[in-house]
>>> print(open('final-v7.cif').read())   # mmCIF, C-alpha atoms
data_upload
#
loop_
_atom_site.label_atom_id
_atom_site.label_comp_id
_atom_site.auth_asym_id
_atom_site.auth_seq_id
_atom_site.Cartn_x
_atom_site.Cartn_y
_atom_site.Cartn_z
CA MET P 1162 -14.48 -34.03 13.49
CA ILE P 1163 -15.59 -30.40 13.39
CA PHE P 1164 -14.36 -28.11 10.64
CA HIS P 1165 -14.48 -24.40 11.30
CA LYS P 1166 -13.72 -21.94 8.56
CA GLU P 1167 -12.29 -18.71 9.89
CA ASN P 1168 -14.38 -15.69 8.95
CA SER P 1169 -12.54 -12.96 7.12
CA VAL P 1170 -13.42 -9.72 5.41
CA THR P 1171 -11.48 -7.57 2.97
CA LEU P 1172 -11.65 -3.79 3.33
CA THR P 1173 -10.33 -1.10 1.00
CA LEU P 1174 -9.09 1.83 3.07
CA GLU P 1175 -7.38 5.15 2.37
CA THR P 1176 -4.53 5.81 4.75
CA VAL P 1177 -4.00 8.98 6.76
CA GLY P 1178 -0.75 10.57 7.86
CA THR P 1179 0.75 10.01 4.43
CA SER P 1180 3.37 12.54 3.49
CA HIS P 1181 5.86 12.83 0.65
CA HIS P 1182 7.52 9.47 0.04
CA SER P 1183 10.04 8.26 -2.51
CA TRP P 1184 7.44 6.48 -4.66
CA GLU P 1185 5.87 9.80 -5.69
CA SER P 1186 8.93 10.88 -7.66
CA TYR P 1187 9.14 7.50 -9.44
CA SER P 1188 5.49 7.68 -10.38
CA GLU P 1189 5.97 11.20 -11.79
CA ILE P 1190 9.08 10.16 -13.74
CA LEU P 1191 7.25 7.27 -15.39
CA ASP P 1192 4.22 9.46 -16.12
CA ASN P 1193 6.43 12.14 -17.67
CA MET P 1194 8.15 9.53 -19.85
CA ALA P 1195 4.78 8.40 -21.15
CA ASN P 1196 3.55 11.97 -21.67
CA ASN P 1197 6.66 13.27 -23.46
CA LEU P 1198 6.83 10.78 -26.29
CA ASN P 1199 6.83 11.90 -29.89
CA SER P 1200 4.04 10.82 -32.23
CA GLU P 1201 6.06 7.92 -33.68
CA ASP P 1202 6.55 6.33 -30.25
CA LEU P 1203 3.23 7.30 -28.77
CA LEU P 1204 1.18 4.17 -29.40
CA GLY P 1205 3.62 1.44 -28.44
CA ALA P 1206 5.98 2.99 -25.91
CA ALA P 1207 3.41 4.89 -23.85
CA GLU P 1208 1.40 1.73 -23.26
CA LYS P 1209 4.55 -0.25 -22.36
CA ILE P 1210 5.63 2.44 -19.86
CA ARG P 1211 2.20 2.59 -18.23
CA LYS P 1212 1.99 -1.21 -18.05
CA ALA P 1213 5.49 -1.43 -16.53
CA LYS P 1214 4.60 1.25 -13.99
CA HIS P 1215 1.45 -0.55 -12.86
CA GLN P 1216 3.24 -3.88 -12.73
CA PHE P 1217 6.10 -2.42 -10.67
CA PHE P 1218 3.76 -0.80 -8.14
CA ASP P 1219 1.55 -3.94 -8.01
CA ASN P 1220 4.60 -5.96 -6.98
CA LEU P 1221 5.57 -3.71 -4.08
CA GLU P 1222 5.30 -5.46 -0.73
CA ALA P 1223 2.84 -4.02 1.76
CA ALA P 1224 2.47 -4.74 5.47
CA VAL P 1225 -0.38 -3.74 7.74
CA GLN P 1226 0.61 -3.90 11.39
CA ALA P 1227 -1.22 -3.15 14.65
CA GLU P 1228 0.64 -0.90 17.07
CA PRO P 1229 -0.85 -1.76 20.50
CA TYR P 1230 1.94 0.13 22.28
CA ASN P 1231 1.47 3.33 20.26
CA PRO P 1232 1.43 6.15 22.87
CA VAL P 1233 -1.14 8.18 20.92
CA ASP P 1234 -3.64 5.43 20.05
CA LYS P 1235 -3.56 1.84 21.34
CA ASN P 1236 -5.71 0.82 18.33
CA ALA P 1237 -3.32 2.34 15.78
CA ILE P 1238 -2.65 0.27 12.66
CA SER P 1239 0.26 1.32 10.48
CA VAL P 1240 0.69 0.70 6.77
CA LEU P 1241 4.20 -0.01 5.51
CA ILE P 1242 5.21 -0.20 1.86
CA GLU P 1243 8.39 -1.48 0.27
CA ASN P 1244 10.98 1.25 -0.18
CA ILE P 1245 11.49 1.72 -3.94
CA ASP P 1246 15.12 2.86 -3.67
CA SER P 1247 15.91 -0.28 -1.70
CA LYS P 1248 13.98 -2.52 -4.09
CA ILE P 1249 15.83 -1.15 -7.12
CA THR P 1250 19.20 -1.86 -5.48
CA GLY P 1251 18.12 -5.33 -4.36
CA ASN P 1252 17.81 -4.58 -0.65
CA PRO P 1253 14.26 -5.13 0.57
CA GLY P 1254 12.93 -2.83 3.21
CA LEU P 1255 9.65 -1.24 4.24
CA GLU P 1256 8.86 2.36 5.11
CA LYS P 1257 5.83 3.72 6.91
CA ALA P 1258 3.26 5.00 4.45
CA GLY P 1259 0.63 6.09 6.95
CA PHE P 1260 -2.06 4.72 9.21
CA VAL P 1261 -5.52 3.22 8.88
CA ARG P 1262 -8.06 5.86 9.97
CA ALA P 1263 -8.73 5.81 13.72
CA LEU P 1264 -12.36 4.61 13.58
CA ALA P 1265 -11.59 1.81 11.10
CA ALA P 1266 -8.54 0.79 13.16
CA LYS P 1267 -10.65 0.64 16.32
CA ILE P 1268 -13.26 -1.56 14.63
CA ILE P 1269 -10.57 -3.86 13.21
CA ARG P 1270 -8.71 -4.14 16.53
CA GLU P 1271 -11.90 -4.78 18.52
CA SER P 1272 -13.10 -7.42 16.05
CA LYS P 1273 -9.89 -9.46 16.36
CA PRO P 1274 -7.88 -8.12 19.31
CA GLU P 1275 -5.38 -10.99 19.25
CA LYS P 1276 -4.38 -10.33 15.65
CA LEU P 1277 -1.46 -7.92 15.13
CA SER P 1278 -0.60 -8.40 11.47
CA TYR P 1279 -2.97 -8.28 8.49
CA ASN P 1280 -2.67 -9.18 4.83
CA GLY P 1281 -2.36 -5.98 2.82
CA LYS P 1282 -2.24 -5.12 -0.88
CA ILE P 1283 -1.67 -1.72 -2.45
CA VAL P 1284 -4.69 -0.52 -4.42
CA ARG P 1285 -3.50 3.01 -5.25
CA LEU P 1286 -0.22 4.72 -4.53
CA SER P 1287 0.56 8.34 -5.30
CA GLY P 1288 1.97 11.40 -3.62
CA ARG P 1289 -1.55 12.49 -2.72
CA ASP P 1290 -2.96 9.27 -1.31
CA THR P 1291 -2.32 5.67 -0.49
CA VAL P 1292 -5.16 3.16 -0.60
CA ILE P 1293 -4.65 -0.31 0.81
CA GLN P 1294 -6.77 -3.44 0.77
CA VAL P 1295 -6.70 -5.20 4.15
CA THR P 1296 -7.96 -8.70 4.88
CA ILE P 1297 -8.91 -9.32 8.50
#
>>> encode(input="final-v7.cif", output="structure tokens")
Amino acid sequence: MIFHKENSVTLTLETVGTSHHSWESYSEILDNMANNLNSEDLLGAAEKIRKAKHQFFDNLEAAVQAEPYNPVDKNAISVLIENIDSKITGNPGLEKAGFVRALAAKIIRESKPEKLSYNGKIVRLSGRDTVIQVTI
């Protein structure tokens, strides 16, 4: 009996094509709550708000999906992140958060051309950038 362990690698990549998404306003709201506390609440509440914010964003679902039929780039890989408005109301759904950079997408697609879906985890999420960890 031959046992073959599949090789995999985990990459941390900043997405491109990211524009204003709903999570930016939630991040700002939570930051403002933590920043606008009075001195009596500062120690305990600010830390609780920051911890809750990180925990909420850590639990957002992320999907990394190849787009072989993309008319612009056959190697395109999109990054989708759970829609916060939907999550809050109990209706799961993903929205496009951007794309893996073209050169990285080409390397990923050429290394495993048969694979169309990759494990993804959000590393950083803000209105300015989205960083995803992808295991291929």
>>> residues_around(input="final-v7.cif", residues="Ile1297 of chain P", least_positions_apart="3", cutoff="7 Å", atoms="all atoms listed in the file", output="list in words")
Ser1169, Val1170, Thr1171 and Tyr1279 of chain P
>>> atom_distance(input="final-v7.cif", atom1="atom CA of Asn1252 of chain P", atom2="atom CA of Ala1223 of chain P")
15.2 Å
>>> atom_distance(input="final-v7.cif", atom1="atom CA of Asn1220 of chain P", atom2="atom CA of Pro1253 of chain P")
12.3 Å
>>> closest_residue(input="final-v7.cif", among="P:Gly1254, P:Pro1274, P:Gly1178, P:Gly1259", to="Lys1235 of chain P", atoms="all atoms listed in the file")
P:Pro1274
>>> residues_around(input="final-v7.cif", residues="Leu1174 of chain P", least_positions_apart="2", cutoff="7 Å", atoms="all atoms listed in the file", output="ChimeraX atom specification")
/P:1172,1176,1261,1292-1294
>>> resolve_selection(input="final-v7.cif", expression="the PyMOL selection byres ((chain P and resi 1262-1267) around 7)", output="tab-separated table (two decimals) with C-alpha atoms, in the frame of the given file")
chain	number	residue	atom	x	y	z
P	1176	THR	CA	-4.53	5.81	4.75
P	1177	VAL	CA	-4.00	8.98	6.76
P	1236	ASN	CA	-5.71	0.82	18.33
P	1237	ALA	CA	-3.32	2.34	15.78
P	1238	ILE	CA	-2.65	0.27	12.66
P	1260	PHE	CA	-2.06	4.72	9.21
P	1261	VAL	CA	-5.52	3.22	8.88
P	1268	ILE	CA	-13.26	-1.56	14.63
P	1269	ILE	CA	-10.57	-3.86	13.21
P	1270	ARG	CA	-8.71	-4.14	16.53
P	1271	GLU	CA	-11.90	-4.78	18.52
>>> atom_distance(input="final-v7.cif", atom1="atom CA of Ser1247 of chain P", atom2="atom CA of Leu1277 of chain P")
25.4 Å
>>> resolve_selection(input="final-v7.cif", expression="the PyMOL selection byres ((chain P and resi 1284) around 10)", output="ChimeraX atom specification")
/P:1173-1175,1218-1219,1281-1283,1285-1286,1291-1295
>>> resolve_selection(input="final-v7.cif", expression="the PyMOL selection byres ((chain P and resi 1226) around 8)", output="PyMOL selection string")
chain P and resi 1224-1225+1227-1228+1238-1241+1277-1279
>>> axis_aligned_box(input="final-v7.cif", around="segment 1234-1245 of chain P", padding_each_side="5 Å", output="lines of an AutoDock Vina configuration file")
center_x = 2.9
center_y = 2.0
center_z = 8.7
size_x = 27.2
size_y = 16.9
size_z = 35.3
